[in-house]
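To be precise, the following lines are coords-v2.csv, and they hold CSV, C-alpha atoms.
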```csv
chain,number,residue,atom,x,y,z
G,195,MET,CA,-26.5,-74.4,-28.3
G,196,ASP,CA,-27.0,-70.9,-26.9
G,197,LEU,CA,-29.9,-68.6,-25.9
G,198,LEU,CA,-30.4,-67.4,-29.5
G,199,ASP,CA,-31.0,-71.0,-30.5
G,200,LEU,CA,-33.6,-71.4,-27.8
G,201,ARG,CA,-35.3,-68.1,-28.8
G,202,LEU,CA,-35.5,-69.1,-32.4
G,203,PHE,CA,-36.8,-72.6,-31.7
G,204,SER,CA,-39.5,-71.2,-29.3
G,205,ALA,CA,-40.5,-68.6,-31.9
G,206,ALA,CA,-40.8,-71.2,-34.6
G,207,MET,CA,-43.0,-73.4,-32.4
G,208,ARG,CA,-45.1,-70.4,-31.2
G,209,ASN,CA,-45.8,-69.3,-34.8
G,210,GLY,CA,-45.6,-72.7,-36.5
G,211,SER,CA,-43.4,-71.1,-39.1
G,212,LEU,CA,-39.6,-70.7,-39.7
G,213,SER,CA,-40.1,-67.6,-41.8
G,214,GLN,CA,-42.2,-65.9,-39.0
G,215,ALA,CA,-39.6,-66.8,-36.4
G,216,ALA,CA,-37.0,-65.2,-38.7
G,217,ARG,CA,-39.0,-62.0,-39.0
G,218,GLU,CA,-39.3,-61.8,-35.2
G,219,ALA,CA,-35.5,-62.3,-34.8
G,220,HIS,CA,-34.7,-59.9,-37.7
G,221,CYS,CA,-32.7,-62.6,-39.5
G,222,SER,CA,-33.1,-64.8,-42.6
G,223,GLN,CA,-35.1,-68.0,-42.8
G,224,PRO,CA,-32.1,-70.0,-43.9
G,225,THR,CA,-30.3,-68.8,-40.7
G,226,VAL,CA,-33.2,-70.1,-38.5
G,227,SER,CA,-33.3,-73.4,-40.4
G,228,ARG,CA,-29.6,-73.9,-40.2
G,229,ARG,CA,-29.4,-73.2,-36.4
G,230,ILE,CA,-32.3,-75.6,-35.7
G,231,GLN,CA,-30.6,-78.3,-37.9
G,232,ALA,CA,-27.5,-77.7,-35.8
G,233,LEU,CA,-29.6,-78.3,-32.6
G,234,GLU,CA,-30.9,-81.5,-34.0
G,235,ALA,CA,-27.4,-82.7,-34.8
G,236,GLU,CA,-26.2,-81.7,-31.3
G,237,LEU,CA,-29.0,-83.5,-29.6
G,238,GLY,CA,-29.1,-86.5,-32.0
G,239,ALA,CA,-32.9,-86.2,-32.4
G,240,GLN,CA,-35.3,-84.7,-34.9
G,241,LEU,CA,-37.1,-81.7,-33.3
G,242,LEU,CA,-39.4,-80.6,-36.1
G,243,VAL,CA,-41.8,-82.0,-38.6
G,244,ARG,CA,-41.3,-79.7,-41.6
G,245,GLY,CA,-44.2,-79.1,-44.0
G,246,SER,CA,-44.3,-77.0,-47.1
G,247,ARG,CA,-45.0,-73.8,-45.2
G,248,THR,CA,-45.4,-74.8,-41.5
G,249,VAL,CA,-43.5,-76.7,-38.9
G,250,SER,CA,-44.7,-78.7,-35.8
G,251,PRO,CA,-42.8,-80.3,-33.0
G,252,THR,CA,-41.9,-84.0,-32.7
G,253,PRO,CA,-42.2,-85.7,-29.3
G,254,ALA,CA,-38.5,-84.8,-28.8
G,255,GLY,CA,-39.3,-81.3,-30.0
G,256,LEU,CA,-42.0,-80.9,-27.3
G,257,GLU,CA,-39.5,-81.9,-24.6
G,258,PHE,CA,-36.9,-79.5,-26.0
G,259,LEU,CA,-39.6,-76.7,-26.2
G,260,HIS,CA,-40.3,-77.2,-22.5
G,261,PHE,CA,-36.6,-76.9,-21.7
G,262,ALA,CA,-36.2,-73.8,-23.9
G,263,GLU,CA,-39.1,-71.9,-22.4
G,264,THR,CA,-37.9,-72.8,-18.8
G,265,ALA,CA,-34.4,-71.6,-19.6
G,266,LEU,CA,-35.6,-68.4,-21.2
G,267,ALA,CA,-37.9,-67.6,-18.3
G,268,ALA,CA,-35.0,-68.2,-15.9
G,269,GLU,CA,-32.8,-65.9,-17.9
G,270,ALA,CA,-35.5,-63.2,-17.9
G,271,ASP,CA,-35.9,-63.5,-14.1
G,272,LEU,CA,-32.1,-63.3,-13.6
G,273,ARG,CA,-31.9,-60.1,-15.7
G,274,ALA,CA,-34.7,-58.6,-13.7
G,275,LYS,CA,-33.0,-59.3,-10.4
G,276,ILE,CA,-29.7,-57.9,-11.6
G,277,GLU,CA,-31.2,-54.8,-13.2
G,278,ARG,CA,-33.7,-54.2,-10.4
G,279,PRO,CA,-32.3,-55.8,-7.2
G,280,TRP,CA,-34.8,-53.8,-5.1
G,281,LEU,CA,-37.8,-55.5,-6.7
G,282,LEU,CA,-39.6,-57.8,-4.3
G,283,ARG,CA,-41.8,-60.8,-5.3
G,284,GLY,CA,-44.3,-63.0,-3.7
G,285,ASN,CA,-46.6,-62.3,-0.7
G,286,LEU,CA,-46.1,-59.8,2.2
G,287,HIS,CA,-48.4,-60.9,5.1
G,288,VAL,CA,-49.1,-58.1,7.6
G,289,ALA,CA,-50.9,-58.7,10.9
G,290,ALA,CA,-52.5,-55.7,12.7
G,291,SER,CA,-54.7,-55.1,15.6
G,292,THR,CA,-58.0,-53.4,14.9
G,293,THR,CA,-57.1,-49.8,15.3
G,294,PRO,CA,-53.9,-49.8,13.2
G,295,GLY,CA,-55.4,-52.3,10.8
G,296,GLU,CA,-58.4,-50.1,10.0
G,297,GLY,CA,-56.9,-46.6,10.2
G,298,PHE,CA,-53.2,-46.7,9.6
G,299,VAL,CA,-51.8,-49.8,7.9
G,300,PRO,CA,-53.8,-49.8,4.7
G,301,GLY,CA,-52.3,-46.5,3.6
G,302,LEU,CA,-48.8,-47.8,4.4
G,303,LEU,CA,-49.4,-50.9,2.3
G,304,ALA,CA,-50.8,-48.9,-0.6
G,305,GLU,CA,-47.8,-46.6,-0.7
G,306,PHE,CA,-45.3,-49.4,-0.4
G,307,SER,CA,-47.0,-51.5,-3.1
G,308,GLN,CA,-46.8,-48.7,-5.7
G,309,GLY,CA,-43.1,-49.3,-6.0
G,310,GLN,CA,-43.3,-53.1,-5.9
G,311,PRO,CA,-45.5,-54.3,-8.8
G,312,GLU,CA,-44.6,-58.0,-8.3
G,313,LEU,CA,-45.4,-58.0,-4.6
G,314,ARG,CA,-48.8,-59.0,-3.3
G,315,THR,CA,-49.7,-57.6,0.1
G,316,GLN,CA,-52.2,-59.2,2.5
G,317,LEU,CA,-53.5,-57.6,5.6
G,318,HIS,CA,-54.9,-59.7,8.5
G,319,ILE,CA,-56.7,-58.0,11.3
G,320,MET,CA,-56.9,-59.6,14.7
G,321,ASP,CA,-56.4,-58.7,18.4
G,322,SER,CA,-53.0,-57.6,19.7
G,323,ARG,CA,-52.1,-60.9,21.3
G,324,ALA,CA,-52.9,-62.8,18.1
G,325,VAL,CA,-50.7,-60.3,16.1
G,326,GLU,CA,-47.7,-61.1,18.4
G,327,GLU,CA,-48.2,-64.8,18.0
G,328,CYS,CA,-48.7,-64.6,14.3
G,329,VAL,CA,-45.4,-62.7,13.8
G,330,LEU,CA,-43.5,-64.9,16.3
G,331,LEU,CA,-44.6,-68.1,14.6
G,332,GLY,CA,-43.7,-66.8,11.1
G,333,HIS,CA,-47.2,-66.8,9.8
G,334,CYS,CA,-46.9,-63.1,9.1
G,335,ASP,CA,-43.9,-61.0,8.0
G,336,VAL,CA,-44.6,-58.0,10.2
G,337,GLY,CA,-47.2,-56.8,12.7
G,338,PHE,CA,-48.8,-53.6,14.1
G,339,THR,CA,-50.3,-53.2,17.5
G,340,GLY,CA,-51.4,-50.4,19.8
G,341,HIS,CA,-49.3,-51.8,22.7
G,342,PRO,CA,-45.7,-53.0,22.9
G,343,PRO,CA,-45.3,-56.8,22.7
G,344,ALA,CA,-44.5,-58.9,25.7
G,345,PRO,CA,-40.8,-59.1,26.4
G,346,GLY,CA,-39.2,-61.8,24.4
G,347,LEU,CA,-37.9,-62.5,20.9
G,348,LEU,CA,-40.0,-59.9,19.0
G,349,GLY,CA,-38.6,-56.6,18.1
G,350,SER,CA,-40.7,-53.4,18.1
G,351,GLU,CA,-40.5,-49.7,17.5
G,352,VAL,CA,-42.9,-46.8,17.7
G,353,VAL,CA,-44.1,-45.6,14.3
G,354,GLY,CA,-47.1,-43.4,15.3
G,355,THR,CA,-49.4,-42.3,18.2
G,356,ASP,CA,-53.1,-42.4,18.8
G,357,GLU,CA,-55.5,-41.0,21.4
G,358,ILE,CA,-58.1,-43.1,23.2
G,359,VAL,CA,-61.4,-41.3,24.0
G,360,LEU,CA,-64.6,-42.2,25.9
G,361,VAL,CA,-67.6,-42.4,23.6
G,362,VAL,CA,-71.3,-41.9,24.7
G,363,GLY,CA,-74.5,-42.1,22.7
G,364,GLY,CA,-77.0,-39.3,22.0
G,365,GLY,CA,-79.2,-40.0,25.0
G,366,HIS,CA,-76.4,-40.1,27.5
G,367,PRO,CA,-76.3,-37.4,30.2
G,368,TRP,CA,-72.6,-36.7,29.3
G,369,TYR,CA,-73.4,-36.1,25.6
G,370,ASP,CA,-72.6,-32.3,26.0
G,371,ARG,CA,-69.6,-32.7,28.2
G,372,ASP,CA,-66.0,-32.4,27.1
G,373,GLU,CA,-64.5,-34.5,29.9
G,374,MET,CA,-65.5,-36.5,33.0
G,375,PRO,CA,-63.8,-37.1,36.3
G,376,VAL,CA,-62.5,-40.6,36.8
G,377,ASP,CA,-64.4,-41.3,40.0
G,378,VAL,CA,-67.7,-40.7,38.3
G,379,LEU,CA,-66.6,-42.8,35.4
G,380,CYS,CA,-66.1,-45.9,37.6
G,381,ARG,CA,-69.8,-46.1,38.3
G,382,GLN,CA,-71.0,-46.3,34.6
G,383,ASP,CA,-72.0,-49.3,32.4
G,384,PHE,CA,-69.3,-50.1,29.9
G,385,VAL,CA,-69.1,-51.8,26.5
G,386,GLU,CA,-65.6,-53.1,26.0
G,387,ARG,CA,-63.4,-55.0,23.6
G,388,GLY,CA,-62.0,-58.4,24.4
G,389,GLU,CA,-59.1,-59.1,26.7
G,390,GLY,CA,-56.7,-59.2,23.7
G,391,SER,CA,-57.4,-55.6,22.8
G,392,GLY,CA,-54.6,-53.1,23.0
G,393,THR,CA,-57.1,-50.3,23.6
G,394,ARG,CA,-58.6,-52.1,26.6
G,395,ARG,CA,-55.1,-52.8,28.0
G,396,THR,CA,-54.0,-49.2,27.7
G,397,VAL,CA,-57.2,-47.9,29.4
G,398,GLU,CA,-57.0,-50.4,32.2
G,399,GLU,CA,-53.4,-49.6,33.0
G,400,ALA,CA,-53.9,-45.8,32.9
G,401,LEU,CA,-57.1,-45.6,34.9
G,402,THR,CA,-56.6,-48.3,37.6
G,403,SER,CA,-53.3,-46.5,38.4
G,404,VAL,CA,-55.2,-43.4,39.5
G,405,ALA,CA,-58.6,-45.0,40.4
G,406,PRO,CA,-58.3,-48.6,41.6
G,407,ALA,CA,-62.1,-48.8,41.7
G,408,PHE,CA,-62.0,-48.8,37.9
G,409,LYS,CA,-60.9,-52.4,38.0
G,410,ASP,CA,-64.4,-53.4,39.3
G,411,ARG,CA,-66.4,-51.3,36.7
G,412,ARG,CA,-69.6,-52.7,35.3
G,413,VAL,CA,-69.0,-54.3,31.9
G,414,VAL,CA,-72.4,-55.0,30.4
G,415,LEU,CA,-71.2,-56.1,26.9
G,416,THR,CA,-68.0,-57.4,25.4
G,417,VAL,CA,-67.5,-57.0,21.6
G,418,SER,CA,-64.8,-58.1,19.2
G,419,SER,CA,-64.3,-54.9,17.2
G,420,ALA,CA,-64.3,-51.1,17.5
G,421,GLN,CA,-67.2,-50.8,15.0
G,422,ALA,CA,-69.3,-53.2,17.1
G,423,LEU,CA,-68.5,-51.1,20.2
G,424,LEU,CA,-69.6,-47.9,18.6
G,425,ALA,CA,-72.8,-49.4,17.4
G,426,SER,CA,-73.6,-50.7,20.9
G,427,VAL,CA,-72.8,-47.3,22.5
G,428,ARG,CA,-75.0,-45.6,19.9
G,429,SER,CA,-77.9,-47.9,20.8
G,430,GLY,CA,-77.6,-47.0,24.5
G,431,VAL,CA,-76.0,-50.1,25.9
G,432,GLY,CA,-73.4,-48.2,27.8
G,433,CYS,CA,-70.3,-46.0,27.2
G,434,GLY,CA,-66.9,-47.3,25.9
G,435,PHE,CA,-63.4,-46.4,25.0
G,436,VAL,CA,-62.2,-46.4,21.4
G,437,SER,CA,-59.3,-45.0,19.4
G,438,ARG,CA,-60.0,-41.5,18.1
G,439,ALA,CA,-58.8,-42.8,14.7
G,440,SER,CA,-61.6,-45.5,14.8
G,441,LEU,CA,-64.1,-42.9,15.8
G,442,ALA,CA,-63.1,-40.5,13.0
G,443,GLY,CA,-63.5,-43.3,10.5
G,444,SER,CA,-66.9,-44.4,11.7
G,445,ALA,CA,-70.0,-43.7,9.8
G,446,ALA,CA,-72.2,-44.1,12.9
G,447,PRO,CA,-74.0,-40.9,13.8
G,448,GLY,CA,-75.1,-39.9,17.3
G,449,LEU,CA,-71.8,-40.4,19.1
G,450,HIS,CA,-69.8,-37.9,21.2
G,451,ALA,CA,-66.2,-38.2,22.3
G,452,LEU,CA,-64.9,-36.9,25.6
G,453,ARG,CA,-61.7,-37.2,27.7
G,454,VAL,CA,-61.1,-38.4,31.2
G,455,ALA,CA,-60.2,-35.4,33.3
G,456,GLY,CA,-56.5,-35.4,34.3
G,457,VAL,CA,-55.8,-38.8,32.7
G,458,PRO,CA,-54.2,-38.5,29.3
G,459,LEU,CA,-55.0,-41.7,27.3
G,460,HIS,CA,-52.5,-41.8,24.5
G,461,ARG,CA,-50.8,-44.9,23.1
G,462,SER,CA,-48.1,-45.7,20.6
G,463,ILE,CA,-48.6,-47.6,17.4
G,464,HIS,CA,-45.9,-50.3,17.4
G,465,LEU,CA,-44.3,-52.0,14.4
G,466,ILE,CA,-43.4,-55.6,15.3
G,467,LEU,CA,-40.7,-57.7,13.6
G,468,PRO,CA,-39.8,-61.4,14.1
G,469,PRO,CA,-36.4,-62.5,15.3
G,470,GLN,CA,-35.3,-63.1,11.7
G,471,PRO,CA,-37.2,-60.8,9.5
G,472,THR,CA,-37.6,-61.5,5.8
G,473,ALA,CA,-36.2,-59.2,3.1
G,474,LYS,CA,-39.8,-58.1,2.4
G,475,ALA,CA,-40.4,-57.3,6.0
G,476,LEU,CA,-37.2,-55.3,6.3
G,477,ALA,CA,-38.0,-53.3,3.1
G,478,PHE,CA,-41.6,-52.6,4.3
G,479,ALA,CA,-40.3,-51.6,7.8
G,480,ALA,CA,-37.9,-49.1,6.1
G,481,SER,CA,-40.8,-47.6,4.2
G,482,VAL,CA,-42.9,-47.3,7.3
G,483,ARG,CA,-40.0,-45.6,9.2
G,484,LEU,CA,-39.6,-43.1,6.3
G,485,ARG,CA,-43.3,-42.2,6.4
G,486,ALA,CA,-43.4,-42.1,10.2
G,487,SER,CA,-40.7,-39.5,10.2
G,488,GLY,CA,-43.1,-37.1,8.6
G,489,ARG,CA,-46.3,-38.3,10.3
G,490,LYS,CA,-46.3,-39.3,13.9
G,491,ASN,CA,-49.8,-38.5,14.9
G,492,LEU,CA,-52.7,-40.8,13.9
G,493,GLY,CA,-55.3,-38.9,15.9
G,494,ALA,CA,-57.7,-36.1,14.9
G,495,PRO,CA,-59.3,-33.1,16.6
G,496,PRO,CA,-62.2,-33.8,18.9
G,497,VAL,CA,-65.1,-35.2,16.8
G,498,VAL,CA,-68.8,-35.2,17.2
G,499,LEU,CA,-70.6,-37.6,14.9
```
Kindly return the structure encoded in the file as structure tokens.
Amino acid sequence: MDLLDLRLFSAAMRNGSLSQAAREAHCSQPTVSRRIQALEAELGAQLLVRGSRTVSPTPAGLEFLHFAETALAAEADLRAKIERPWLLRGNLHVAASTTPGEGFVPGLLAEFSQGQPELRTQLHIMDSRAVEECVLLGHCDVGFTGHPPAPGLLGSEVVGTDEIVLVVGGGHPWYDRDEMPVDVLCRQDFVERGEGSGTRRTVEEALTSVAPAFKDRRVVLTVSSAQALLASVRSGVGCGFVSRASLAGSAAPGLHALRVAGVPLHRSIHLILPPQPTAKALAFAASVRLRASGRKNLGAPPVVL
């Protein structure tokens, strides 16, 4: 038997007709009948129940049909891999902390997916520490954070930059200011992200290095996302630090962004890979590097919402 025999038998079963199978294969009905008879002789079993105009499978024919369809599907898959070795299949799981996950990664995934029609991408947003753990344990293929991972087995590289700004609400006395001195800042009420946040970590490291009193700032509310922080600031709970990319993507009005005088608050967006990345992760990482070479800045001009 060969692949043509399998195709002819499958076509006959799909159409219930030897003549229709012959038309699909562009051959004569006697040729189809002869080849199926040869299959029956080779297997030592009757595969078809032949009627006056239709055919149907015997129990042995049903078993052979399953074999034929499995073999034909495997052959088609093999040809696709040989003809398009770059084609990826299955799921690509991407973990990202809030800022990259909401403002940076979706565009990367959309662009990458356009050339991979058989690949399904899934984005999981969590805090930076959880991203590192997820990639290290192999639950996700690749990760993005706003802070480099802890020294260890994970690999990382910078693929973009972002600015962190201080946000105040409409009734705040700083609403019309462009920047504030750090010593005055230390005496304010703050809304902050949780301890696993890369934004919070970047701010703490930068400001406590120039103003140790910032370590003892008044935190009146801790929230789990940038959007929750912006909503809290707008309602007058306190001021807070967010990514400018998050602020630009927010629909919340009545917010104003300002900088801390003399303290640049910029952070890098890091691509994180596990010790043994999958082929899908390597291909996606290559796509990210290509785009990053032409777009390094995720921030935006000062924004008043």
Non-local contacts of stretch 252-262 of chain G (9 Å; all atoms listed in the file; under 2 positions in same chain excluded) as a list in words: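 The residues satisfying every condition are Leu197, Asp199, Leu200, Arg201, Phe203, Ser204, Met207, Ala239, Gln240, Leu241, Leu242, Val243, Ser250, Thr264, Ala265, Leu266 and Ala267 of chain G.
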Two-atom distance - atom CA of G:Glu218, atom CA of G:Gln231 (Å): 18.8 Å
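Closest to G:Ser291 among G:Gly388, G:Gly309, G:Pro406, G:Gly210 is G:Gly388, based on only C-alpha atoms.
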Once you count only C-alpha atoms, what closest atom pair and distance in Å to one decimal does each residue of stretch 251-364 of chain G within 9 Å of stretch 476-484 of chain G have, with rows by chain and rising residue number, as a Markdown table?
```
| residue | atom | partner | partner_atom | distance |
| --- | --- | --- | --- | --- |
| G:Trp280 | CA | G:Ala477 | CA | 8.8 |
| G:Leu282 | CA | G:Ala477 | CA | 8.8 |
| G:Leu286 | CA | G:Phe478 | CA | 8.7 |
| G:Leu302 | CA | G:Val482 | CA | 6.6 |
| G:Leu303 | CA | G:Phe478 | CA | 8.2 |
| G:Glu305 | CA | G:Ser481 | CA | 8.6 |
| G:Phe306 | CA | G:Ser481 | CA | 6.7 |
| G:Asp335 | CA | G:Leu476 | CA | 9.0 |
| G:Val336 | CA | G:Ala479 | CA | 8.1 |
| G:Val353 | CA | G:Arg483 | CA | 6.5 |
```
Who sits within 6 Å of stretch 430-443 of chain G, all atoms listed in the file, same chain under 2 positions skipped, as a list in words: Glu357, Ile358, Val359, Leu360, Val361, Val362, Asp383, Phe384, Val385, Glu386, Ser426, Val427, Arg428 and Gly493 of chain G
Shortest interatomic distance to G:Pro469 - which of G:Ser429, G:Arg485, G:Leu331, G:Gly340, counting all atoms listed in the file: G:Leu331
Long-range neighbours of G:Arg371 as a PyMOL selection string, 12 Å cut-off, all atoms listed in the file, 5 positions minimum in chain: chain G and resi 360-364+366+450-455+496+498
Spatial neighbours of G:Leu379, 9 Å, all atoms listed in the file, chain gap at least 5 places, as a list in words: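 Those residues are Met374, Phe408, Arg411 and Val454 of chain G.
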